[in-house]
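With mmCIF, C-alpha atoms and all ligand atoms inside, this is upload_11.cif:
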```
data_protein
#
loop_
_atom_site.label_atom_id
_atom_site.label_comp_id
_atom_site.auth_asym_id
_atom_site.auth_seq_id
_atom_site.Cartn_x
_atom_site.Cartn_y
_atom_site.Cartn_z
CA MET A 634 0.00 0.00 0.00
CA TRP A 635 1.45 3.39 -0.98
CA PHE A 636 1.22 6.08 1.62
CA GLY A 637 3.44 8.87 0.45
CA LEU A 638 4.18 10.69 -2.75
CA ARG A 639 6.79 13.37 -2.99
CA LYS A 640 7.87 15.14 -6.08
CA ILE A 641 11.61 15.73 -5.80
CA SER A 642 11.93 17.68 -9.01
CA ARG A 643 9.87 18.25 -12.10
CA SER A 644 11.03 14.90 -13.45
CA VAL A 645 11.44 12.71 -10.39
CA LYS A 646 8.88 11.53 -7.90
CA ILE A 647 9.46 9.33 -4.92
CA PHE A 648 6.89 6.98 -3.48
CA VAL A 649 7.35 5.67 0.02
CA CYS A 650 5.31 2.60 0.83
CA GLU A 651 4.20 1.06 4.07
CA SER A 652 7.14 -1.32 4.21
CA GLN A 653 9.58 1.55 3.77
CA LEU A 654 10.36 0.66 0.17
CA ILE A 655 11.41 3.62 -1.90
CA CYS A 656 10.58 3.67 -5.57
CA ILE A 657 11.74 6.44 -7.85
CA LEU A 658 9.69 7.36 -10.86
CA LEU A 659 11.39 9.21 -13.65
CA ILE A 660 8.76 11.14 -15.51
CA GLY A 661 9.25 11.87 -19.18
CA GLN A 662 8.29 15.11 -20.76
CA GLU A 663 5.32 13.71 -22.65
CA THR A 664 4.32 10.50 -21.04
CA ARG A 665 4.50 9.78 -17.39
CA LYS A 666 5.61 6.20 -16.91
CA MET A 667 7.68 4.35 -14.46
CA ILE A 668 11.04 3.60 -15.99
CA THR A 669 12.65 1.95 -13.12
CA VAL A 670 12.10 0.92 -9.57
CA LEU A 671 15.55 1.23 -8.18
CA GLU A 672 15.20 -0.73 -5.03
CA LYS A 673 12.81 -3.28 -3.75
CA GLU A 674 14.67 -3.91 -0.55
CA LYS A 675 14.08 -2.48 2.83
CA VAL A 676 15.99 0.79 3.11
CA GLY A 677 17.57 2.46 6.12
CA GLU A 678 17.04 5.90 7.58
CA GLU A 679 19.96 7.33 5.65
CA ASP A 680 18.28 6.50 2.35
CA VAL A 681 15.10 8.21 3.41
CA GLN A 682 17.10 11.27 4.45
CA ASN A 683 18.83 11.29 1.10
CA ALA A 684 15.47 11.35 -0.60
CA PHE A 685 14.88 14.82 0.83
CA LEU A 686 17.83 16.78 -0.40
CA LEU A 687 17.43 20.53 -0.27
CA GLU A 688 18.89 20.90 -3.75
CA ASN A 689 15.91 19.05 -5.15
CA TYR A 690 13.51 21.55 -3.67
CA LEU A 691 15.47 24.40 -5.20
CA LYS A 692 14.53 23.09 -8.66
CA MET A 693 10.79 23.19 -8.03
CA SER A 694 8.40 25.90 -9.12
CA ASP A 695 6.81 28.16 -6.47
CA ALA A 696 3.49 26.37 -6.89
CA GLU A 697 5.09 22.96 -6.41
CA ILE A 698 6.91 24.13 -3.29
CA ALA A 699 3.69 25.51 -1.82
CA GLU A 700 1.97 22.20 -2.56
CA HIS A 701 4.73 20.27 -0.77
CA ILE A 702 4.53 22.53 2.25
CA GLU A 703 0.77 22.10 2.51
CA LEU A 704 0.95 18.32 2.09
CA ALA A 705 3.64 17.98 4.74
CA ARG A 706 1.71 20.24 7.09
CA LYS A 707 -1.41 18.14 6.57
CA LYS A 708 0.53 15.00 7.32
CA LEU A 709 2.05 16.49 10.48
CA GLY A 710 -1.25 18.02 11.64
CA SER A 711 -1.12 19.44 15.15
CA ARG A 712 2.32 17.90 15.71
CA VAL A 713 3.81 20.99 14.09
CA VAL A 714 3.43 24.71 14.59
CA VAL A 715 5.04 27.11 12.12
CA LEU A 716 6.03 30.50 13.55
CA GLY A 717 6.84 33.44 11.27
CA HIS A 718 8.57 36.67 12.25
CA HIS A 719 7.16 39.92 10.87
CA TYR A 720 10.33 40.45 8.81
CA GLN A 721 9.85 37.22 6.92
CA ARG A 722 9.07 37.27 3.25
CA ASP A 723 5.41 36.89 2.20
CA ASP A 724 5.88 33.53 0.53
CA VAL A 725 6.98 32.11 3.90
CA ILE A 726 4.56 34.07 6.09
CA ARG A 727 1.60 32.65 4.19
CA HIS A 728 2.47 29.21 5.62
CA ALA A 729 2.87 30.39 9.23
CA ASP A 730 0.30 29.42 11.86
CA LEU A 731 1.32 32.34 14.02
CA THR A 732 3.14 35.55 13.21
CA GLY A 733 4.59 38.17 15.50
CA ASP A 734 7.64 40.01 16.72
CA SER A 735 10.31 38.24 18.72
CA TYR A 736 8.49 38.78 22.04
CA GLN A 737 5.11 37.58 20.77
CA LEU A 738 6.69 34.55 19.11
CA SER A 739 8.59 33.55 22.24
CA VAL A 740 5.35 33.68 24.24
CA MET A 741 3.50 31.74 21.54
CA ALA A 742 6.25 29.12 21.45
CA ALA A 743 5.97 28.74 25.23
CA GLN A 744 2.18 28.30 24.99
CA ARG A 745 2.04 25.68 22.23
CA LYS A 746 2.97 22.75 24.42
CA ASP A 747 0.98 20.34 22.27
CA ALA A 748 3.21 20.75 19.21
CA GLU A 749 6.06 18.28 18.91
CA PHE A 750 7.85 20.47 16.37
CA ILE A 751 8.19 24.24 16.47
CA VAL A 752 9.38 25.31 13.03
CA PHE A 753 10.79 28.79 13.49
CA CYS A 754 10.85 31.02 10.42
CA GLY A 755 13.03 33.66 11.98
CA VAL A 756 16.70 33.77 12.92
CA HIS A 757 18.93 31.67 15.14
CA PHE A 758 18.57 33.57 18.44
CA MET A 759 14.76 33.39 18.16
CA ALA A 760 14.86 29.63 17.66
CA GLU A 761 17.19 29.34 20.67
CA SER A 762 14.71 31.29 22.79
CA ALA A 763 11.88 29.04 21.61
CA ASP A 764 13.95 26.00 22.59
CA ILE A 765 14.65 27.48 26.03
CA LEU A 766 10.94 28.13 26.63
CA SER A 767 9.69 24.87 25.15
CA GLU A 768 8.99 21.58 26.90
CA PRO A 769 11.48 18.68 26.81
CA HIS A 770 9.34 16.73 24.31
CA GLN A 771 9.37 19.63 21.82
CA LYS A 772 11.93 20.16 19.10
CA VAL A 773 12.69 23.54 17.56
CA ILE A 774 13.66 23.59 13.91
CA LEU A 775 15.29 26.45 12.00
CA PRO A 776 14.75 25.76 8.29
CA ASP A 777 18.12 27.32 7.36
CA LEU A 778 20.98 27.23 9.86
CA GLY A 779 22.57 30.21 8.12
CA ALA A 780 19.74 32.46 9.32
CA GLY A 781 21.68 34.32 11.98
CA CYS A 782 21.66 37.92 13.18
CA SER A 783 24.60 40.25 12.65
CA MET A 784 23.69 42.20 15.78
CA ALA A 785 23.61 39.10 18.00
CA ASP A 786 27.04 38.17 16.63
CA MET A 787 28.48 41.47 17.88
CA ALA A 788 28.56 40.25 21.48
CA SER A 789 30.01 36.92 22.60
CA VAL A 790 29.51 35.65 26.14
CA GLU A 791 33.29 35.62 26.67
CA GLN A 792 33.45 39.33 25.83
CA VAL A 793 30.50 40.07 28.11
CA GLU A 794 32.04 38.13 31.03
CA ASP A 795 35.34 39.90 30.48
CA ALA A 796 33.61 43.30 30.54
CA TRP A 797 31.81 42.34 33.77
CA GLU A 798 35.10 41.36 35.41
CA GLN A 799 36.72 44.64 34.36
CA LEU A 800 33.81 46.57 35.87
CA LYS A 801 34.23 44.63 39.11
CA GLU A 802 37.98 45.31 39.19
CA ILE A 803 37.47 49.07 39.05
CA GLY A 804 34.63 48.99 41.59
CA VAL A 805 31.83 49.95 39.20
CA ILE A 806 30.22 46.70 40.30
CA SER A 807 30.55 46.14 44.03
CA ASP A 808 28.46 45.43 47.12
CA LYS A 809 27.61 49.12 47.24
CA ASN A 810 27.11 49.68 43.50
CA THR A 811 24.61 47.42 41.84
CA VAL A 812 24.57 46.96 38.08
CA ALA A 813 21.85 45.03 36.27
CA PRO A 814 22.68 43.36 32.97
CA MET A 815 19.88 43.56 30.43
CA THR A 816 20.12 41.92 27.05
CA TYR A 817 18.02 42.51 24.00
CA MET A 818 16.28 39.39 22.74
CA ASN A 819 18.66 39.61 19.76
CA SER A 820 21.53 37.93 21.57
CA SER A 821 22.84 34.42 22.06
CA ALA A 822 21.37 32.00 24.61
CA ALA A 823 24.70 32.20 26.47
CA ILE A 824 24.29 35.95 27.02
CA LYS A 825 20.70 35.46 28.15
CA ALA A 826 22.01 32.86 30.62
CA PHE A 827 24.62 35.37 31.85
CA CYS A 828 21.78 37.83 32.56
CA GLY A 829 19.78 35.11 34.30
CA ARG A 830 22.75 34.36 36.59
CA GLU A 831 23.43 38.02 37.39
CA ARG A 832 19.87 39.09 38.37
CA GLY A 833 19.35 40.53 34.91
CA VAL A 834 16.66 40.17 32.29
CA VAL A 835 15.96 39.91 28.57
CA CYS A 836 13.95 42.60 26.78
CA THR A 837 12.51 43.18 23.33
CA SER A 838 11.75 46.43 21.57
CA SER A 839 8.12 46.10 22.69
CA ASN A 840 8.83 45.79 26.42
CA ALA A 841 12.12 47.69 26.81
CA ILE A 842 10.36 50.72 28.35
CA PRO A 843 8.61 48.97 31.27
CA LEU A 844 11.67 46.81 31.94
CA PHE A 845 14.03 49.82 31.94
CA ASP A 846 11.60 51.49 34.32
CA LEU A 847 11.74 48.61 36.79
CA TYR A 848 15.48 48.02 36.58
CA LEU A 849 16.53 51.67 36.69
CA LYS A 850 14.58 52.01 39.94
CA GLU A 851 16.04 48.88 41.49
CA PHE A 852 19.71 49.11 40.45
CA ASP A 853 22.31 51.89 40.47
CA LYS A 854 23.25 51.27 36.84
CA MET A 855 22.38 49.10 33.87
CA MET A 856 24.57 47.47 31.26
CA PHE A 857 22.73 46.86 28.01
CA PHE A 858 23.70 44.33 25.29
CA PRO A 859 24.13 44.22 22.33
CA ASP A 860 22.18 47.04 20.61
CA GLN A 861 23.56 50.44 21.56
CA HIS A 862 20.74 52.22 19.70
CA LEU A 863 17.81 50.56 21.45
CA GLY A 864 19.64 51.10 24.75
CA ARG A 865 20.38 54.76 24.02
CA ASN A 866 16.92 55.57 22.64
CA THR A 867 15.23 53.92 25.62
CA GLY A 868 17.58 55.54 28.14
CA LEU A 869 16.78 58.95 26.67
CA LYS A 870 13.08 58.30 27.25
CA PHE A 871 13.93 58.05 30.96
CA GLY A 872 15.77 61.36 30.91
CA ILE A 873 19.27 59.86 31.11
CA PRO A 874 21.51 62.40 29.34
CA LEU A 875 23.98 61.23 26.70
CA GLU A 876 26.90 62.18 28.99
CA LYS A 877 25.69 59.56 31.45
CA MET A 878 25.78 56.82 28.84
CA ALA A 879 29.11 55.07 28.24
CA LEU A 880 29.72 53.04 25.09
CA TRP A 881 31.55 49.75 25.66
CA ASN A 882 33.75 48.65 22.77
CA PRO A 883 34.63 45.01 23.49
CA HIS A 884 37.90 45.33 21.59
CA GLU A 885 39.36 47.96 23.91
CA GLU A 886 40.50 48.03 27.53
CA LEU A 887 37.63 49.23 29.77
CA GLY A 888 35.58 49.28 26.58
CA GLY A 889 37.47 52.41 25.46
CA ASN A 890 36.37 54.42 28.54
CA THR A 891 38.12 55.94 31.52
CA GLU A 892 37.32 54.64 35.01
CA GLU A 893 35.72 57.98 35.72
CA ASP A 894 33.41 57.70 32.68
CA LEU A 895 32.24 54.30 33.84
CA HIS A 896 31.66 55.39 37.44
CA LYS A 897 29.68 58.38 36.22
CA ALA A 898 27.57 56.43 33.71
CA LYS A 899 24.01 55.41 34.54
CA LEU A 900 23.83 53.26 31.43
CA ILE A 901 26.66 51.29 29.82
CA LEU A 902 25.83 50.42 26.23
CA TRP A 903 27.43 47.59 24.30
CA LYS A 904 28.81 48.69 20.94
CA GLY A 905 26.54 46.65 18.70
CA HIS A 906 23.93 47.58 16.12
CA CYS A 907 21.52 46.17 13.55
CA SER A 908 22.93 46.29 10.04
CA VAL A 909 19.42 46.76 8.61
CA HIS A 910 18.16 49.58 10.83
CA GLY A 911 21.63 51.15 10.84
CA ARG A 912 21.15 52.01 7.18
CA PHE A 913 18.58 54.69 7.91
CA LYS A 914 20.31 58.06 8.19
CA PRO A 915 19.13 61.50 9.34
CA TRP A 916 19.30 62.80 5.76
CA HIS A 917 16.69 60.21 4.72
CA VAL A 918 14.24 61.88 7.12
CA GLU A 919 15.11 65.34 5.76
CA GLN A 920 14.71 64.08 2.20
CA VAL A 921 11.23 62.56 2.67
CA ARG A 922 10.04 65.63 4.51
CA LYS A 923 11.23 67.84 1.65
CA GLU A 924 9.47 65.61 -0.91
CA THR A 925 6.25 65.17 1.09
CA PRO A 926 5.87 67.83 3.80
CA ASP A 927 2.81 66.26 5.44
CA ILE A 928 4.35 62.78 5.72
CA LYS A 929 4.78 61.15 9.16
CA VAL A 930 8.10 59.45 9.85
CA LEU A 931 7.77 56.28 11.91
CA VAL A 932 10.93 54.36 12.87
CA HIS A 933 12.11 51.41 14.92
CA PRO A 934 14.27 52.19 17.99
CA GLU A 935 17.08 50.05 16.55
CA CYS A 936 17.70 53.09 14.31
CA MET A 937 20.40 55.49 15.44
CA TYR A 938 19.44 58.24 17.88
CA GLU A 939 19.89 60.99 15.27
CA VAL A 940 17.22 59.31 13.10
CA VAL A 941 14.84 58.63 16.00
CA GLU A 942 15.23 62.25 17.14
CA LYS A 943 14.11 63.53 13.73
CA SER A 944 11.18 61.10 13.42
CA ASP A 945 7.58 61.76 14.46
CA LEU A 946 7.13 58.44 16.20
CA ASN A 947 9.29 55.50 17.16
CA GLY A 948 8.51 52.11 18.61
CA SER A 949 8.68 48.35 18.29
CA THR A 950 7.58 46.34 15.28
CA SER A 951 4.17 45.83 16.88
CA PHE A 952 3.91 49.55 17.58
CA ILE A 953 4.67 50.29 13.92
CA ILE A 954 2.03 47.83 12.73
CA ASN A 955 -0.61 49.12 15.15
CA THR A 956 0.13 52.76 14.33
CA VAL A 957 -0.27 52.22 10.59
CA THR A 958 -3.32 49.97 11.07
CA ASN A 959 -5.10 52.61 13.14
CA ALA A 960 -4.06 55.58 10.99
CA PRO A 961 -6.78 57.31 8.94
CA SER A 962 -7.23 56.56 5.28
CA GLY A 963 -5.14 58.90 3.13
CA SER A 964 -2.43 59.34 5.78
CA LYS A 965 1.18 59.29 4.62
CA TRP A 966 3.95 57.28 6.24
CA ALA A 967 7.69 56.91 5.73
CA ILE A 968 8.72 53.87 7.75
CA GLY A 969 12.20 53.08 8.97
CA THR A 970 12.22 49.34 9.47
CA GLU A 971 12.73 46.08 7.59
CA LEU A 972 11.64 46.06 3.95
CA ASN A 973 9.37 42.97 3.98
CA LEU A 974 7.26 44.41 6.76
CA VAL A 975 6.92 47.75 4.98
CA LEU A 976 5.93 46.04 1.71
CA ARG A 977 3.31 43.99 3.57
CA LEU A 978 1.86 47.11 5.16
CA GLN A 979 1.72 48.75 1.71
CA LYS A 980 -0.28 45.79 0.38
CA GLN A 981 -2.56 45.65 3.41
CA PHE A 982 -3.39 49.35 3.37
CA PRO A 983 -3.67 50.56 -0.23
CA ASP A 984 -5.74 53.51 1.04
CA LYS A 985 -2.67 54.91 2.86
CA GLU A 986 0.54 56.20 1.33
CA ILE A 987 3.29 54.04 2.76
CA ARG A 988 6.94 54.10 1.76
CA LEU A 989 10.27 52.89 3.05
CA LEU A 990 12.24 55.68 4.69
CA ALA A 991 15.40 54.91 2.70
CA PRO A 992 15.34 54.64 -1.07
CA ASP A 993 17.78 51.72 -1.11
CA LEU A 994 17.00 48.20 0.01
CA CYS A 995 16.79 47.62 3.78
CA MET A 996 16.12 43.93 4.05
CA CYS A 997 17.26 41.50 6.71
CA ALA A 998 19.38 39.29 4.45
CA THR A 999 19.82 36.56 7.05
CA MET A 1000 16.09 36.30 7.73
CA TYR A 1001 15.61 36.10 3.96
CA ARG A 1002 17.62 32.88 3.92
CA ILE A 1003 14.52 31.07 5.19
CA ALA A 1004 12.83 30.57 1.86
CA PRO A 1005 9.92 28.30 0.83
CA PRO A 1006 12.26 25.51 -0.39
CA ASN A 1007 13.93 25.37 3.05
CA LEU A 1008 10.55 25.26 4.74
CA ALA A 1009 9.29 22.49 2.43
CA TRP A 1010 12.52 20.53 2.94
CA ALA A 1011 12.33 20.83 6.74
CA LEU A 1012 8.62 19.94 6.94
CA GLU A 1013 8.83 16.96 4.62
CA ASN A 1014 11.79 15.60 6.53
CA LEU A 1015 9.89 15.97 9.79
CA ALA A 1016 6.86 14.27 8.28
CA ALA A 1017 9.13 11.38 7.26
CA GLY A 1018 10.63 11.15 10.74
CA ASN A 1019 13.93 12.87 9.98
CA ILE A 1020 14.77 15.59 12.47
CA VAL A 1021 16.70 18.24 10.57
CA ASN A 1022 18.23 21.57 11.69
CA GLN A 1023 17.22 21.16 15.30
CA ILE A 1024 18.27 24.05 17.53
CA SER A 1025 19.14 22.73 20.93
CA VAL A 1026 20.52 24.76 23.82
CA ASP A 1027 22.56 22.85 26.43
CA GLY A 1028 20.98 22.19 29.84
CA GLU A 1029 22.88 24.67 31.99
CA THR A 1030 22.59 27.53 29.52
CA LYS A 1031 18.91 26.71 29.11
CA HIS A 1032 18.34 26.81 32.87
CA PHE A 1033 19.82 30.28 33.40
CA ALA A 1034 18.56 31.76 30.12
CA ASN A 1035 15.11 30.55 31.06
CA ILE A 1036 15.32 32.55 34.31
CA ALA A 1037 16.01 35.75 32.35
CA LEU A 1038 13.33 35.01 29.74
CA GLU A 1039 10.66 34.00 32.26
CA ARG A 1040 11.50 37.13 34.25
CA MET A 1041 10.89 39.18 31.10
CA ILE A 1042 7.58 37.48 30.39
CA SER A 1043 6.23 37.69 33.92
CA LEU A 1044 7.29 41.33 34.43
CA THR A 1045 5.83 42.30 31.03
CA GLU A 1046 2.55 40.54 31.72
CA GLN A 1047 2.34 42.08 35.21
CA ASN A 1048 2.94 45.50 33.71
CA LYS A 1049 0.21 44.95 31.07
CA ALA A 1050 -2.24 43.88 33.78
CA LYS A 1051 -1.47 47.07 35.75
CA ASN A 1052 -2.18 49.38 32.79
S1 LIG B 1 16.74 42.96 11.32
FE1 LIG B 1 18.72 43.36 12.33
S2 LIG B 1 18.46 42.76 14.45
FE2 LIG B 1 16.73 41.87 13.29
S3 LIG B 1 17.42 39.80 12.77
FE3 LIG B 1 17.98 41.12 11.03
S4 LIG B 1 20.11 41.79 11.48
FE4 LIG B 1 19.26 40.96 13.39
#
```
Reformat the file's structure so that it appears as structure tokens.
Ligand code: SF4
Amino acid sequence: MWFGLRKISRSVKIFVCESQLICILLIGQETRKMITVLEKEKVGEEDVQNAFLLENYLKMSDAEIAEHIELARKKLGSRVVVLGHHYQRDDVIRHADLTGDSYQLSVMAAQRKDAEFIVFCGVHFMAESADILSEPHQKVILPDLGAGCSMADMASVEQVEDAWEQLKEIGVISDKNTVAPMTYMNSSAAIKAFCGRERGVVCTSSNAIPLFDLYLKEFDKMMFFPDQHLGRNTGLKFGIPLEKMALWNPHEELGGNTEEDLHKAKLILWKGHCSVHGRFKPWHVEQVRKETPDIKVLVHPECMYEVVEKSDLNGSTSFIINTVTNAPSGSKWAIGTELNLVLRLQKQFPDKEIRLLAPDLCMCATMYRIAPPNLAWALENLAAGNIVNQISVDGETKHFANIALERMISLTEQNKAKN
């Protein structure tokens, strides 16, 4: 009895039967007939894995890929949940069960305890967070292991630990002077674990404000990793002047600061940034305003301070979506965030004039690596029992990173309930 049919390319189909026999059909251009059945013997796991080579999916048409994704999803049923970040391309987002920013997706991942597989269409640090928050029986899959984040790569845990030691040596951290480490979600699991160990917390762009509020009240200082811009823009909202913010360059002694600078600082910012949001410059704001005087400029706080300062509004990905969604018909928006999200908003709201703040492409190239062929490949392998591209955080890191992530979730939810 045949129970599976998978088209590997336009000309090759594979049938998998109940007894794990694999037959390959070579399909001619005009007539479809079976030319050969290569093997009639029982085959091992390796052969099944080989049947699902990514390169074969790359040869398929978009329609064929979509068909494969749907078939695999049907076969997996509720065993799989597909999560899609807002910056994902449309042809991937259309297959996602749930979409959101990194905070929403981490909460969703933690809630879907029934799903055996969490297929994360995002980047590596997001999949790590999902693995940390998931149950032991769940497996998190990243359809392309090359989907990393340049910002997260700008801070290693060794550099962070070294910075912490240096701050202790000069007495910036002591029994009398308390410093809280806070890391942006866009960081490795090891840095999240460091924060969990040191009474710190994780934040996202959507909850940075309430978490800064709590931590600035409780601690003498904060050290923020790895995005200097989110840290600076949020610190300014709390009235911390720029002179009280030190920038820590991990490649220099004391991060390139004097002891005095570090003692004086209320906020120590790690020298990291997002390569996508870093492309928006103050002159882009001036340019759009000159072209369209009544346009509103709306940017993400990962943009540099000089851009945020010139904008009309700034906030997280969810804030950007909600602002545009609730804006009146005919309103005009220049948006400083990732290209795929801006294009989706343009399509969703044809009655509003929406444009990207910068004329050149601002796309998250690493997120873009998760393409429909990768998703089809990952899902079909899972449906066939092959676990591919699993993201697994080691036990100790998971334990401490979970403390920092759970702290973020509970403090954020408490804050929402209060307001
Ligand atoms: S948009 Fe920037 S911060 Fe977000 S995943 Fe891409 S590189 Fe990282």
Among A:Leu869, A:Leu800, A:Ile1003, A:Leu1044, ligand LIG 1 (chain B) is approached most closely, using only C-alpha atoms and all ligand atoms, by A:Ile1003
Could you give me, as a tab-separated table, every chain A residue with an atom at most 8 Å from ligand LIG 1 (chain B), plus its closest atom pair and distance in Å to one decimal, counting all atoms listed in the file, rows ordered by chain then number?
```
residue	atom	partner	partner_atom	distance
A:Tyr720	CA	B:LIG1	S1	7.3
A:Gly755	CA	B:LIG1	S3	7.6
A:Val756	CA	B:LIG1	S3	6.1
A:Gly781	CA	B:LIG1	S3	7.0
A:Cys782	CA	B:LIG1	FE4	3.9
A:Ser783	CA	B:LIG1	S4	4.9
A:Met784	CA	B:LIG1	FE4	5.2
A:Ala785	CA	B:LIG1	FE4	6.6
A:Asn819	CA	B:LIG1	S2	6.2
A:His906	CA	B:LIG1	S2	7.5
A:Cys907	CA	B:LIG1	FE1	4.2
A:Ser908	CA	B:LIG1	S4	5.5
A:Val909	CA	B:LIG1	FE1	5.1
A:His910	CA	B:LIG1	FE1	6.4
A:Glu935	CA	B:LIG1	S2	7.7
A:Glu971	CA	B:LIG1	S1	6.3
A:Met996	CA	B:LIG1	S1	7.4
A:Cys997	CA	B:LIG1	FE3	4.4
A:Ala998	CA	B:LIG1	FE3	7.0
A:Thr999	CA	B:LIG1	FE3	6.3
A:Met1000	CA	B:LIG1	FE3	6.1
```
Original post:
Could you tell me, as a VMD selection string, which residues have any atom at most 8 Å from (4.1, 39.7, 25.2), counting only C-alpha atoms?
Top reply: chain A and resid 736 to 737 740 839 to 840 1042 1045 to 1046
- Skipping near chain neighbours, those fewer than 2 positions away, what residues fall within 10 Å of Leu704 (chain A) using only C-alpha atoms, listed as a PyMOL selection string? chain A and resi 637-639+698-702+706-710+1009+1012-1013+1016
One decimal place gives the CA of Asp927 (chain A)-CA of Lys965 (chain A) separation as 7.2 Å
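Using all atoms listed in the file, the nearest neighbour of Gln1047 (chain A) within the list A:Gly888, A:Gly717, A:Pro843, A:Pro883 is A:Pro843.
Minimum distance to Arg830 (chain A) across A:Glu794, A:Asp730, A:Asp894, A:Glu802 (counting only C-alpha atoms) occurs at A:Glu794.
Every polymer residue reaching to within 12 Å of (21.9, 41.7, 40.0), counting only C-alpha atoms, appears in this list: Trp797, Ile806, Ser807, Asp808, Lys809, Asn810, Thr811, Val812, Ala813, Pro814, Met815, Phe827, Cys828, Gly829, Arg830, Glu831, Arg832, Gly833, Val834, Tyr848, Leu849, Glu851, Phe852, Asp853, Lys854, Met855, Met856 and Ala1037 of chain A.
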Fill in: Exercise: Leu1015 (chain A) partners within 10 Å, all atoms listed in the file, chain neighbours under 4 positions left out, as a ChimeraX atom specification
/A:705-706,708-709,712-713,750,752,774,1009-1011,1019-1021
Problem set entry | Spatial neighbours of Val790 (chain A), max dist 10 Å, all atoms listed in the file, sep filter under 6 positions, as a PyMOL selection string | chain A and resi 796+820-827
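CA of Cys754 (chain A) sits 17.6 Å away from CA of Leu691 (chain A).
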One decimal, Å: what's the distance from CA of Leu1038 (chain A) over to CA of Gly872 (chain A), could you say?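 About the pair CA of Leu1038 (chain A) and CA of Gly872 (chain A): they are 26.5 Å apart.
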Would you mind listing what lies within 6 Å of Trp966 (chain A) as a PyMOL selection string, with only C-alpha atoms counted and same-chain residues fewer than 2 positions away left out?
chain A and resi 928-930+987
Of A:Pro859, A:Pro776, A:Pro983, A:Gly804, the one sitting nearest Asn882 (chain A) when using only C-alpha atoms is A:Pro859
Next item on the list: Kindly indicate which residue among A:Ser838, A:Gln792, A:Gln861, A:Ser962 lies nearest to Leu887 (chain A), using all atoms listed in the file for the distances.
Entry: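 For Leu887 (chain A), the nearest of the given residues is A:Gln792.
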Using only C-alpha atoms, the shortest atom-to-atom distance to Val932 (chain A) among A:Gly911, A:Gly889, A:Gly868, A:Gly948 belongs to A:Gly948
Report task. Write out as a count of residues only each polymer residue whose atoms come within 10 Å of Leu716 (chain A), counting all atoms listed in the file; drop sequence neighbours fewer than 2 positions from it. Result -> 22
